[in-house]
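Student: Got a structure for you, work.cif, holding mmCIF, C-alpha atoms.
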data_query
loop_
_atom_site.label_atom_id
_atom_site.label_comp_id
_atom_site.auth_asym_id
_atom_site.auth_seq_id
_atom_site.Cartn_x
_atom_site.Cartn_y
_atom_site.Cartn_z
CA LEU A 1120 -12.28 13.01 0.62
CA GLY A 1121 -10.09 10.30 -0.82
CA VAL A 1122 -9.97 12.06 -4.20
CA LEU A 1123 -9.04 15.38 -2.58
CA ALA A 1124 -6.29 13.70 -0.58
CA GLU A 1125 -4.80 12.20 -3.74
CA ILE A 1126 -4.46 15.64 -5.37
CA GLY A 1127 -1.83 16.58 -2.82
CA PHE A 1128 -2.96 19.94 -1.47
CA ASP A 1129 -0.77 21.66 1.12
CA GLY A 1130 -3.67 21.68 3.58
CA PHE A 1131 -7.41 21.09 3.86
CA ALA A 1132 -10.21 23.39 4.98
CA ILE A 1133 -13.59 22.38 6.36
CA GLY A 1134 -16.30 24.98 5.73
CA GLY A 1135 -20.06 25.25 5.78
CA LEU A 1136 -20.37 24.44 9.47
CA SER A 1137 -21.46 26.70 12.34
CA VAL A 1138 -24.06 28.38 10.14
CA GLY A 1139 -27.10 27.70 12.30
CA GLU A 1140 -27.27 23.91 12.42
CA PRO A 1141 -27.69 22.22 15.83
CA LYS A 1142 -24.39 21.82 17.69
CA GLU A 1143 -24.90 18.05 17.82
CA GLU A 1144 -25.14 17.92 14.03
CA MET A 1145 -22.04 20.04 13.63
CA SER A 1146 -20.12 17.81 16.03
CA ARG A 1147 -21.25 14.69 14.18
CA ILE A 1148 -20.13 16.01 10.78
CA LEU A 1149 -16.84 17.32 12.12
CA ALA A 1150 -16.04 14.07 13.92
CA HIS A 1151 -16.78 12.16 10.70
CA THR A 1152 -14.81 14.45 8.38
CA ALA A 1153 -11.66 15.71 10.13
CA PRO A 1154 -10.02 12.35 10.94
CA ARG A 1155 -10.47 11.21 7.33
CA LEU A 1156 -8.32 14.05 5.99
CA PRO A 1157 -4.56 13.47 5.58
CA GLN A 1158 -3.08 13.62 9.05
CA HIS A 1159 0.31 14.91 7.90
CA LYS A 1160 -1.31 18.04 6.40
CA PRO A 1161 -2.82 21.04 8.25
CA ARG A 1162 -6.57 20.75 8.81
CA TYR A 1163 -8.42 24.07 9.05
CA LEU A 1164 -11.94 24.63 10.38
CA MET A 1165 -13.37 27.82 8.93
CA GLY A 1166 -15.41 30.38 10.84
CA VAL A 1167 -15.51 28.69 14.26
CA GLY A 1168 -14.46 30.55 17.42
CA ASN A 1169 -16.65 29.38 20.28
CA PRO A 1170 -14.39 28.04 23.06
CA THR A 1171 -16.20 24.74 23.50
CA THR A 1172 -16.33 24.18 19.74
CA LEU A 1173 -12.60 24.87 19.51
CA VAL A 1174 -11.79 22.12 22.01
CA ARG A 1175 -14.16 19.77 20.18
CA GLY A 1176 -12.33 20.54 16.94
CA VAL A 1177 -8.92 19.94 18.47
CA GLY A 1178 -10.25 16.68 19.87
CA VAL A 1179 -10.87 15.30 16.38
CA GLY A 1180 -7.62 16.62 14.87
CA ILE A 1181 -8.26 20.19 13.70
CA ASP A 1182 -5.07 22.28 13.62
CA MET A 1183 -6.27 25.80 12.73
CA PHE A 1184 -9.32 28.01 13.21
CA ASP A 1185 -10.45 31.51 12.32
CA CYS A 1186 -13.47 33.51 13.44
CA VAL A 1187 -14.72 37.05 14.07
CA LEU A 1188 -16.42 35.90 17.29
CA PRO A 1189 -13.89 37.22 19.86
CA THR A 1190 -13.95 40.74 18.46
CA ARG A 1191 -17.62 40.77 17.50
CA THR A 1192 -18.71 39.68 20.96
CA GLY A 1193 -16.27 42.19 22.44
CA ARG A 1194 -17.84 45.03 20.49
CA MET A 1195 -21.23 43.87 21.75
CA GLY A 1196 -20.06 44.05 25.36
CA THR A 1197 -19.46 40.35 26.01
CA ALA A 1198 -16.37 38.61 27.37
CA PHE A 1199 -15.22 34.99 27.41
CA SER A 1200 -14.16 33.91 30.88
CA SER A 1201 -13.56 30.97 33.17
CA GLU A 1202 -17.11 31.61 34.42
CA GLY A 1203 -18.59 31.43 30.92
CA ARG A 1204 -19.71 34.40 28.85
CA LEU A 1205 -20.12 37.67 30.71
CA ASN A 1206 -22.50 40.33 29.38
CA PHE A 1207 -21.26 43.68 30.61
CA ARG A 1208 -24.55 45.36 29.90
CA ASN A 1209 -25.88 43.59 33.00
CA ALA A 1210 -26.36 45.75 36.09
CA ARG A 1211 -24.64 43.21 38.34
CA PHE A 1212 -21.27 44.51 37.17
CA ALA A 1213 -22.01 48.18 37.99
CA HIS A 1214 -20.09 48.10 41.29
CA ASP A 1215 -17.76 45.18 40.65
CA ASP A 1216 -14.14 46.26 41.14
CA GLY A 1217 -12.69 42.93 40.04
CA PRO A 1218 -11.07 42.18 36.66
CA ILE A 1219 -12.99 40.61 33.78
CA ASP A 1220 -11.61 37.20 34.77
CA PRO A 1221 -9.57 36.77 37.96
CA THR A 1222 -7.76 33.79 36.39
CA CYS A 1223 -6.71 35.72 33.26
CA THR A 1224 -3.28 37.32 32.81
CA CYS A 1225 -4.09 39.45 29.75
CA PRO A 1226 -3.12 43.16 29.74
CA VAL A 1227 -6.74 44.14 30.38
CA CYS A 1228 -7.29 41.87 33.39
CA THR A 1229 -3.91 42.79 34.89
CA GLY A 1230 -4.01 46.44 33.85
CA GLY A 1231 -6.47 47.77 36.41
CA TYR A 1232 -9.61 47.81 34.24
CA SER A 1233 -12.45 46.79 36.54
CA ARG A 1234 -15.69 45.13 35.52
CA ALA A 1235 -17.52 48.25 36.68
CA LEU A 1236 -15.39 50.51 34.48
CA ILE A 1237 -15.80 48.26 31.46
CA ARG A 1238 -19.56 48.09 32.03
CA HIS A 1239 -19.68 51.89 32.18
CA MET A 1240 -17.81 52.17 28.87
CA VAL A 1241 -20.02 49.54 27.24
CA THR A 1242 -23.30 51.10 28.36
CA GLN A 1243 -22.11 54.58 27.38
CA LYS A 1244 -20.98 53.27 23.98
CA GLU A 1245 -17.41 54.33 24.63
CA MET A 1246 -15.24 52.69 21.95
CA LEU A 1247 -12.53 51.72 24.42
CA GLY A 1248 -14.89 49.25 26.13
CA GLY A 1249 -15.24 47.14 23.00
CA ILE A 1250 -11.51 47.38 22.30
CA LEU A 1251 -10.59 46.14 25.78
CA LEU A 1252 -13.08 43.27 25.62
CA SER A 1253 -11.80 42.30 22.16
CA MET A 1254 -8.22 42.26 23.44
CA HIS A 1255 -9.26 40.10 26.37
CA ASN A 1256 -11.28 37.69 24.20
CA ILE A 1257 -8.44 37.16 21.72
CA TYR A 1258 -6.01 36.55 24.57
CA TYR A 1259 -8.47 34.14 26.18
CA LEU A 1260 -8.75 32.02 23.02
CA LEU A 1261 -5.00 32.03 22.39
CA ASN A 1262 -4.44 30.93 25.97
CA LEU A 1263 -7.12 28.25 25.57
CA MET A 1264 -5.27 26.81 22.57
CA GLN A 1265 -1.94 26.91 24.41
CA ARG A 1266 -3.53 24.98 27.27
CA ALA A 1267 -5.07 22.52 24.81
CA ARG A 1268 -1.69 21.85 23.22
CA GLN A 1269 -0.09 21.28 26.61
CA ALA A 1270 -2.91 18.95 27.65
CA ILE A 1271 -2.35 16.90 24.48
CA ILE A 1272 1.38 16.68 25.15
CA GLU A 1273 0.73 15.55 28.73
CA GLY A 1274 -1.91 13.01 27.65
CA ARG A 1275 -4.79 14.54 29.64
CA TYR A 1276 -6.94 16.07 26.92
CA GLY A 1277 -10.15 14.43 28.13
CA ALA A 1278 -9.72 16.04 31.54
CA PHE A 1279 -8.94 19.37 29.90
CA VAL A 1280 -12.20 19.28 27.93
CA ALA A 1281 -14.09 18.69 31.16
CA ILE A 1282 -12.35 21.68 32.79
CA VAL A 1283 -13.33 23.91 29.90
CA GLY A 1284 -16.90 23.02 30.75
CA ASN A 1285 -17.72 20.61 27.95
CA LYS A 1286 -18.34 17.63 30.21
CA GLY A 1287 -20.90 16.12 27.86
CA LEU A 1288 -18.13 15.16 25.42
CA ARG A 1289 -15.12 13.12 26.37
CA PHE A 1290 -12.38 13.15 23.80
CA ALA A 1291 -9.48 10.78 23.70
CA CYS A 1292 -6.12 12.43 23.17
CA ALA A 1293 -5.82 13.39 19.49
CA GLY A 1294 -2.91 14.95 17.68
CA THR A 1295 -1.38 15.31 14.23
CA LYS A 1296 2.08 15.54 12.79
CA SER A 1297 1.18 18.96 11.44
CA ILE A 1298 1.40 20.40 14.97
CA GLY A 1299 4.44 18.36 15.91
CA LEU A 1300 2.73 15.72 18.02
CA GLU A 1301 4.12 12.62 16.39
CA SER A 1302 3.67 10.22 19.30
CA LEU A 1303 -0.05 10.62 19.86
CA ASN A 1304 -3.07 8.72 18.70
CA VAL A 1305 -5.81 9.94 16.35
CA PHE A 1306 -9.43 8.94 16.82
CA HIS A 1307 -12.65 9.16 14.87
CA ALA A 1308 -16.28 8.89 15.82
CA VAL A 1309 -17.72 5.42 16.22
CA ASP A 1310 -20.85 5.00 14.11
CA ASP A 1311 -20.74 8.76 13.39
CA THR A 1312 -21.50 9.49 17.05
CA PRO A 1313 -19.41 12.48 18.23
CA THR A 1314 -19.29 11.22 21.83
CA LYS A 1315 -17.78 7.82 20.98
CA PHE A 1316 -14.27 7.44 19.61
CA GLU A 1317 -12.02 4.60 18.50
CA GLU A 1318 -8.38 4.63 17.56
CA VAL A 1319 -7.70 4.83 13.82
CA ARG A 1320 -4.03 5.73 13.71
CA SER A 1321 -1.05 5.90 16.02
CA PHE A 1322 2.09 7.94 15.37
CA ALA A 1323 5.51 6.59 16.31
CA ARG A 1324 4.39 4.03 18.89
CA PRO A 1325 1.86 1.17 18.84
CA ALA A 1326 -1.03 1.30 21.26
CA PRO A 1327 -3.77 -1.19 22.09
CA ALA A 1328 -7.06 -0.60 20.33
CA PHE A 1329 -9.77 0.78 22.59
CA LYS A 1330 -12.97 2.75 22.56
CA CYS A 1331 -14.21 5.47 24.84
CA ALA A 1332 -17.78 6.63 25.17
CA GLY A 1333 -19.00 9.94 26.54
#
Reformat the file's structure so that it appears as C-alpha cells.

Tutor:
Amino acid sequence: LGVLAEIGFDGFAIGGLSVGEPKEEMSRILAHTAPRLPQHKPRYLMGVGNPTTLVRGVGVGIDMFDCVLPTRTGRMGTAFSSEGRLNFRNARFAHDDGPIDPTCTCPVCTGGYSRALIRHMVTQKEMLGGILLSMHNIYYLLNLMQRARQAIIEGRYGAFVAIVGNKGLRFACAGTKSIGLESLNVFHAVDDTPTKFEEVRSFARPAPAFKCAG
C-alpha cells in the first residue's frame, strides 16, 4: 500500500471482496486496508451494495461504491426497506395496500403503487414490477448515503449504524478530506479486529486518543 501511495494515483480502488467470503472476513480486510490508503484521495470499494456493508465501508473511510445489487434484487422481486429485505413473491403482500416502505419518499412509495400491486406484477412477470422495485432500491441506497453523510457531520455515526440495523458493529465517526469532512477523525481496526477501532489521524483539530470496542 505504501508503494501504491507513493505513485500518486488520483484515487484508489479496493476489489476482490464480497465474492463469497464470510462477512466477518470481508470486514476485517476492509478495516485493515481502507484506513491505510491516502486519506486525501478518493477510496472506492468495488462491487459492494448491501446496505449494512455500505455503512461498514463508510465507517472505515470508503468514499465511493458501485454494485448491481439494487437493480438485480429489484428484477428478482426484492426491495430494500426500513424493515429489511422484502420478497414480493411472498403471499403476505397479496392484500397489502401500503407502500413498499412507509418511511420512504421515493416516487414509487409516494406514487400510489401498493405492495399488493407490486406483488401481482412480480408474480405475473410484468416488467414494470422489476422497474419499480429497482427505482425504489436505488433511491433507498442514495438516501442511506445521504443520511450517513449527515450523521458523520453531526458526529453520531455510531448511533446511525445501530439504526440501520448493524448493532453488532460500532463505528467511531470516520471521514476523509475527499468528501469534504476536514474536521473529523479517521480510525482503523485494532489488532485487525473490525469491531475495535483506534484513532489514527485527525483533520483540522486535535482530539484525545481513545479506543472503542463493539

Student: Expanded to explicit residues, what is the PyMOL selection byres ((chain A and resi 1254) around 9) for this file, as a short mmCIF file (atom, residue, chain, number, x, y, z; two decimals) with C-alpha atoms, in the frame of the given file?

Tutor:
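Output (part-v7.cif):
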data_model
loop_
_atom_site.label_atom_id
_atom_site.label_comp_id
_atom_site.auth_asym_id
_atom_site.auth_seq_id
_atom_site.Cartn_x
_atom_site.Cartn_y
_atom_site.Cartn_z
CA PRO A 1189 -13.89 37.22 19.86
CA THR A 1190 -13.95 40.74 18.46
CA GLY A 1193 -16.27 42.19 22.44
CA CYS A 1225 -4.09 39.45 29.75
CA PRO A 1226 -3.12 43.16 29.74
CA VAL A 1227 -6.74 44.14 30.38
CA GLY A 1249 -15.24 47.14 23.00
CA ILE A 1250 -11.51 47.38 22.30
CA LEU A 1251 -10.59 46.14 25.78
CA LEU A 1252 -13.08 43.27 25.62
CA SER A 1253 -11.80 42.30 22.16
CA HIS A 1255 -9.26 40.10 26.37
CA ASN A 1256 -11.28 37.69 24.20
CA ILE A 1257 -8.44 37.16 21.72
CA TYR A 1258 -6.01 36.55 24.57
CA TYR A 1259 -8.47 34.14 26.18
#

Student: What does the distance between atom CA of A:Arg1147 and atom CA of A:Asn1206 come to in Å, to one decimal place?

Tutor: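 Atom CA of A:Asn1206 lies at a distance of 29.8 Å from atom CA of A:Arg1147.
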
Student: Distance atom CA of A:Pro1154-atom CA of A:Gly1139, one decimal place?

Tutor: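 Going from atom CA of A:Pro1154 over to atom CA of A:Gly1139, I get 23.0 Å.
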
Student: Nearest residue to A:Ile1282 out of A:Leu1149, A:Leu1263, A:Arg1234, A:Cys1228, using all atoms listed in the file?

Tutor: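 The shortest atom-to-atom distance to A:Ile1282 comes from A:Leu1263.
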
Student: Mind listing as a compact mmCIF listing (two decimals) with C-alpha atoms, in the coordinates of the input all residues within 7 Å of (-11.0, 17.8, 25.3), counting only C-alpha atoms?

Tutor:
# COMPACT_ATOMS: atom_id res chain seq x y z
CA VAL A 1174 -11.79 22.12 22.01
CA ARG A 1175 -14.16 19.77 20.18
CA GLY A 1178 -10.25 16.68 19.87
CA TYR A 1276 -6.94 16.07 26.92
CA GLY A 1277 -10.15 14.43 28.13
CA ALA A 1278 -9.72 16.04 31.54
CA PHE A 1279 -8.94 19.37 29.90
CA VAL A 1280 -12.20 19.28 27.93
CA ALA A 1281 -14.09 18.69 31.16
CA ARG A 1289 -15.12 13.12 26.37
CA PHE A 1290 -12.38 13.15 23.80

Student: Check the smallest atom-to-atom distance from each of A:Ile1237, A:Val1283, A:Leu1260, A:Met1165 to A:Asp1185 using all atoms listed in the file, then report the winner.

Tutor: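 That would be A:Met1165, the residue with the smallest distance to A:Asp1185.
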
Student: Would you work out the distance separating atom CA of A:Ile1133 from atom CA of A:Thr1171, expressed in Å to one decimal?

Tutor: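 Here the two named atoms are 17.5 Å from each other.
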
Student: Evaluate the PyMOL selection byres ((chain A and resi 1208) around 9) on the structure here and hand back the selected residues as a list in words.

Tutor: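 On this input, the PyMOL selection byres ((chain A and resi 1208) around 9) captures Met1195, Gly1196, Thr1197, Leu1205, Asn1206, Phe1207, Asn1209, Ala1210, Arg1211, Phe1212, Ala1213, Arg1238, His1239, Val1241 and Thr1242 of chain A.
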
Student: Would you please work out which residue, of A:Leu1188, A:Leu1236, A:Leu1173, A:Leu1136, is nearest to A:Ala1267 when using only C-alpha atoms?

Tutor: A:Leu1173

Student: Within 10 Å of A:Phe1184, counting all atoms listed in the file, which residues qualify if same-chain residues fewer than 6 places away don't, as an NGL selection string?

Tutor: :A and (1132-1133 or 1162-1168 or 1173 or 1176-1177)

Student: Grab all the atoms of stretch 1125-1144 of chain A that the file lists, wrap them in a box along x, y and z, add 5 Å per side, and give me centre plus edge lengths in Å (one decimal) as lines of an AutoDock Vina configuration file.

Tutor:
center_x = -14.2
center_y = 20.3
center_z = 6.2
size_x = 36.9
size_y = 26.2
size_z = 33.2

Student: Using all atoms listed in the file, find the one residue out of A:Thr1229, A:Gly1217, A:Glu1245, A:Thr1222 that sits nearest to A:Arg1194.

Tutor: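 Closest to A:Arg1194 of all the choices is A:Glu1245.
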